[in-house]
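Engineer: This one is work.cif, mmCIF, C-alpha atoms.
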data_work
loop_
_atom_site.label_atom_id
_atom_site.label_comp_id
_atom_site.auth_asym_id
_atom_site.auth_seq_id
_atom_site.Cartn_x
_atom_site.Cartn_y
_atom_site.Cartn_z
CA MET A 54 38.59 50.22 204.80
CA ASP A 55 34.98 50.76 203.77
CA THR A 56 33.01 48.69 201.27
CA ASP A 57 33.58 51.11 198.38
CA GLU A 58 37.35 51.06 198.89
CA LYS A 59 37.30 47.26 198.88
CA LYS A 60 35.21 47.28 195.71
CA GLY A 61 37.42 49.80 193.95
CA GLN A 62 37.19 53.28 192.59
CA ILE A 63 35.71 54.14 189.20
CA LEU A 64 36.74 57.18 187.17
CA ILE A 65 34.34 58.41 184.52
CA LEU A 66 35.85 60.75 181.96
CA ALA A 67 32.76 62.42 180.57
CA THR A 68 32.77 64.84 177.68
CA LEU A 69 30.59 67.92 177.94
CA SER A 70 28.94 67.01 174.65
CA GLY A 71 28.18 63.44 175.71
CA GLY A 72 28.68 61.53 178.93
CA TYR A 73 28.64 64.52 181.27
CA LYS A 74 25.12 65.41 180.21
CA GLY A 75 24.06 61.87 181.11
CA ALA A 76 25.75 62.16 184.51
CA ASP A 77 24.22 65.58 185.10
CA SER A 78 20.76 64.39 184.08
CA ALA A 79 21.10 61.40 186.40
CA GLY A 80 21.91 63.76 189.25
CA GLN A 81 19.09 66.16 188.44
CA GLY A 82 16.69 63.23 188.24
CA HIS A 83 17.88 62.04 191.67
CA LYS A 84 18.92 58.70 190.17
CA GLU A 85 21.14 56.70 192.45
CA TYR A 86 24.47 55.21 191.55
CA ALA A 87 27.37 53.91 193.60
CA PRO A 88 29.41 56.36 195.69
CA ASN A 89 32.69 54.90 194.39
CA VAL A 90 32.18 56.77 191.09
CA HIS A 91 34.16 59.94 190.33
CA VAL A 92 32.99 61.97 187.31
CA MET A 93 35.42 64.31 185.58
CA SER A 94 34.12 66.52 182.81
CA MET A 95 36.19 67.62 179.84
CA MET A 96 35.77 69.05 176.36
CA THR A 97 37.10 65.94 174.62
CA ALA A 98 38.62 62.62 175.64
CA ALA A 99 41.25 63.12 172.92
CA ILE A 100 43.34 65.22 175.34
CA PHE A 101 44.40 62.19 177.38
CA PRO A 102 47.49 60.28 176.24
CA PRO A 103 47.65 56.55 176.97
CA GLU A 104 50.02 57.18 179.89
CA PHE A 105 47.24 59.07 181.67
CA TYR A 106 45.17 55.90 181.97
CA ILE A 107 48.10 53.87 183.29
CA LYS A 108 48.93 56.56 185.85
CA ALA A 109 45.27 56.64 186.96
CA PHE A 110 45.36 52.87 187.51
CA GLU A 111 48.67 53.14 189.35
CA GLN A 112 47.45 55.91 191.63
CA SER A 113 43.97 54.86 192.72
CA PHE A 114 41.40 53.94 190.10
CA ASP A 115 40.32 50.37 189.42
CA ALA A 116 38.10 51.01 186.38
CA ILE A 117 37.88 53.89 183.92
CA LEU A 118 34.92 54.62 181.70
CA VAL A 119 35.45 57.09 178.88
CA MET A 120 31.99 58.38 178.00
CA TYR A 121 32.20 60.60 174.98
CA SER A 122 29.92 61.77 172.19
CA GLY A 123 31.51 59.52 169.57
CA SER A 124 30.92 60.63 166.00
CA ASP A 125 28.78 63.52 167.30
CA CYS A 126 31.87 65.14 168.81
CA PRO A 127 32.06 68.80 167.80
CA TYR A 128 35.85 68.64 167.39
CA LYS A 129 37.08 67.35 164.06
CA GLY A 130 39.03 64.11 164.41
CA ALA A 131 38.76 64.05 168.22
CA ALA A 132 36.62 60.90 168.41
CA GLU A 133 39.08 58.97 166.27
CA HIS A 134 42.04 60.30 168.24
CA ALA A 135 40.40 59.35 171.55
CA GLY A 136 39.87 55.83 170.21
CA LYS A 137 43.51 55.65 169.15
CA MET A 138 44.72 56.80 172.60
CA VAL A 139 42.53 54.23 174.37
CA GLY A 140 43.80 51.55 171.97
CA GLN A 141 47.39 52.42 172.88
CA ALA A 142 46.43 52.37 176.57
CA TYR A 143 45.08 48.81 176.07
CA ASP A 144 48.50 47.77 174.76
CA MET A 145 50.22 49.35 177.77
CA MET A 146 47.75 47.68 180.13
CA LYS A 147 48.50 44.29 178.60
CA GLU A 148 52.24 44.88 179.06
CA ARG A 149 51.67 45.54 182.76
CA GLY A 150 49.21 42.73 183.37
CA ILE A 151 46.20 45.03 183.89
CA ASN A 152 42.93 43.47 182.78
CA GLN A 153 41.85 45.43 179.69
CA LYS A 154 38.21 45.21 180.74
CA ARG A 155 39.03 47.86 183.33
CA LEU A 156 39.04 50.53 180.60
CA SER A 157 36.05 51.13 178.38
CA LEU A 158 35.19 53.67 175.73
CA SER A 159 31.54 54.28 174.93
CA ALA A 160 29.54 56.85 173.03
CA ILE A 161 26.86 58.43 175.21
CA CYS A 162 24.36 60.95 173.89
CA THR A 163 23.44 64.15 175.69
CA VAL A 164 20.17 62.75 177.09
CA CYS A 165 21.37 59.22 177.82
CA VAL A 166 20.72 58.77 181.53
CA GLU A 167 20.09 55.02 181.36
CA PRO A 168 23.26 54.19 179.40
CA PHE A 169 25.23 56.26 181.93
CA LEU A 170 23.70 54.34 184.84
CA GLU A 171 24.21 51.02 183.03
CA GLY A 172 27.87 51.87 182.46
CA VAL A 173 28.32 52.53 186.18
CA ALA A 174 26.49 49.31 187.09
CA ASP A 175 28.55 47.28 184.60
CA ALA A 176 31.81 48.71 185.96
CA ASN A 177 30.81 47.83 189.51
CA LYS A 178 29.78 44.35 188.41
CA LEU A 179 33.19 43.92 186.78
CA LEU A 180 34.92 45.03 189.98
CA ASP A 181 32.79 42.58 191.96
CA GLU A 182 34.09 39.83 189.68
CA ILE A 183 37.77 40.75 189.35
CA GLY A 184 38.33 42.95 192.40
CA PRO A 185 40.45 46.06 192.75
CA ILE A 186 43.88 46.39 191.17
CA LYS A 187 46.75 44.95 193.18
CA ARG A 188 49.26 47.73 193.62
CA PRO A 189 52.00 48.47 192.89
CA ILE A 190 51.45 47.66 189.25
CA PRO A 191 54.51 46.03 187.67
CA LEU A 192 56.42 47.84 184.97
CA ALA A 193 56.20 46.51 181.45
CA ARG A 194 58.26 43.39 181.08
CA GLU A 195 61.42 44.09 179.13
CA SER A 196 60.79 41.22 176.69
CA GLU A 197 57.32 42.51 175.86
CA ALA A 198 58.39 46.14 175.70
CA THR A 199 61.04 45.39 173.09
CA ALA A 200 59.07 42.82 171.09
#
Represent the structure contained in this file as structure tokens.
Structural biologist:
Amino acid sequence: MDTDEKKGQILILATLSGGYKGADSAGQGHKEYAPNVHVMSMMTAAIFPPEFYIKAFEQSFDAILVMYSGSDCPYKGAAEHAGKMVGQAYDMMKERGINQKRLSLSAICTVCVEPFLEGVADANKLLDEIGPIKRPIPLARESEATA
């Protein structure tokens, strides 16, 4: 197992109108960031239901950063819906004993290279502190699921 696998894997969900531009600019500027980062571009983060985040944690990721354009999103209501989905994911994470700090939602502008790099650094710092997820992740406890 190499150092990055011990540290954990980070998924960045980056919208084309926000976070992905920061990731792309970081790459074009030859800025370095950790190799345990996986960037996935999408039109809007609103397409992911809360179960997506839980499944990503169950399968292989130890931290997820949702980097979207926030109120600058070109899709009406998408920013609010993305926030709602992440909020529901937080509830599901709590039910399963997953530290909620592992999932973050942040607005990143189209030219924000430094905030992108800071987000990556912060996620790796978090993983240094709390370590990777212990798998398998337990199912929601019945008492909490029905409460």
Engineer: Run the PyMOL selection byres ((chain A and resi 163-180) around 6) mentally over the shown coordinates, then write out the matched residues as a VMD selection string, using the chain letters and numbers from the document.
Structural biologist: chain A and resid 71 74 to 75 79 162 181 to 184
Engineer: Since I can't run it myself right now, could you work out what the PyMOL selection byres ((chain A and resi 122-131) around 8) selects here and report it as a count of residues only?
Structural biologist: 18
Engineer: Any chance you could work out the residue set of the PyMOL selection byres ((chain A and resi 114) around 7) here, as a ChimeraX atom specification?
Structural biologist: /A:61-64,109-110,112-113,115-116
Engineer: Please produce a file of those selected residues containing C-alpha atoms, as a short mmCIF file (atom, residue, chain, number, x, y, z; two decimals), in the frame of the given file.
Structural biologist:
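Okay, result.cif is ready:
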data_model
loop_
_atom_site.label_atom_id
_atom_site.label_comp_id
_atom_site.auth_asym_id
_atom_site.auth_seq_id
_atom_site.Cartn_x
_atom_site.Cartn_y
_atom_site.Cartn_z
CA GLY A 61 37.42 49.80 193.95
CA GLN A 62 37.19 53.28 192.59
CA ILE A 63 35.71 54.14 189.20
CA LEU A 64 36.74 57.18 187.17
CA ALA A 109 45.27 56.64 186.96
CA PHE A 110 45.36 52.87 187.51
CA GLN A 112 47.45 55.91 191.63
CA SER A 113 43.97 54.86 192.72
CA ASP A 115 40.32 50.37 189.42
CA ALA A 116 38.10 51.01 186.38
#
Engineer: Could you tell me how far atom CA of Glu111 of chain A lies from atom CA of Arg188 of chain A, in Å and to one decimal?
Structural biologist: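 The value is 6.9 Å.
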Engineer: List the spatial neighbours of segment 144-154 of chain A as an mmCIF file with C-alpha atoms, in the coordinates of the input - criterion: any atom at most 6 Å away, all atoms listed in the file, same-chain residues fewer than 2 positions off excluded.
Structural biologist:
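Result file is around_26.cif:
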data_model
loop_
_atom_site.group_PDB
_atom_site.id
_atom_site.type_symbol
_atom_site.label_atom_id
_atom_site.label_comp_id
_atom_site.auth_asym_id
_atom_site.auth_seq_id
_atom_site.Cartn_x
_atom_site.Cartn_y
_atom_site.Cartn_z
ATOM 1 C CA GLN A 141 47.390 52.420 172.880
ATOM 2 C CA ALA A 142 46.430 52.370 176.570
ATOM 3 C CA LEU A 156 39.040 50.530 180.600
ATOM 4 C CA PRO A 191 54.510 46.030 187.670
ATOM 5 C CA LEU A 192 56.420 47.840 184.970
ATOM 6 C CA ALA A 193 56.200 46.510 181.450
#
Engineer: Measure the distance from atom CA of Leu66 of chain A to atom CA of Met95 of chain A in Å and round it to one decimal.
Structural biologist: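 If I compute the distance from atom CA of Leu66 of chain A to atom CA of Met95 of chain A, I get 7.2 Å.
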Engineer: Keeping C-alpha atoms, write segment 80-115 of chain A of the structure just shown out as a compact mmCIF listing (two decimals), in the first residue's frame.
Structural biologist:
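Dumped to part-v7.txt:
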# COMPACT_ATOMS: atom_id res chain seq x y z
CA GLY A 80 -3.06 22.25 -14.10
CA GLN A 81 -2.30 24.76 -16.83
CA GLY A 82 -0.23 26.77 -14.36
CA HIS A 83 1.71 23.61 -13.43
CA LYS A 84 0.65 24.00 -9.80
CA GLU A 85 1.25 20.91 -7.76
CA TYR A 86 -1.28 19.14 -5.61
CA ALA A 87 -1.44 15.68 -4.10
CA PRO A 88 -1.80 12.67 -6.41
CA ASN A 89 -4.60 11.22 -4.25
CA VAL A 90 -7.03 13.76 -5.74
CA HIS A 91 -9.57 12.72 -8.38
CA VAL A 92 -11.40 15.54 -10.18
CA MET A 93 -14.74 14.85 -11.82
CA SER A 94 -16.36 17.61 -13.85
CA MET A 95 -20.09 18.08 -14.18
CA MET A 96 -22.62 20.70 -15.19
CA THR A 97 -24.09 21.03 -11.70
CA ALA A 98 -23.66 19.37 -8.33
CA ALA A 99 -27.46 19.27 -8.01
CA ILE A 100 -27.54 16.02 -10.01
CA PHE A 101 -26.12 13.97 -7.13
CA PRO A 102 -28.59 12.56 -4.59
CA PRO A 103 -27.37 12.10 -1.01
CA GLU A 104 -26.97 8.36 -1.58
CA PHE A 105 -24.25 9.10 -4.14
CA TYR A 106 -22.00 10.53 -1.45
CA ILE A 107 -22.55 7.57 0.87
CA LYS A 108 -21.82 5.11 -1.95
CA ALA A 109 -18.62 7.02 -2.80
CA PHE A 110 -17.49 6.74 0.82
CA GLU A 111 -18.41 3.05 0.90
CA GLN A 112 -16.55 2.28 -2.31
CA SER A 113 -13.24 4.12 -2.03
CA PHE A 114 -13.23 7.82 -1.24
CA ASP A 115 -12.25 9.22 2.15
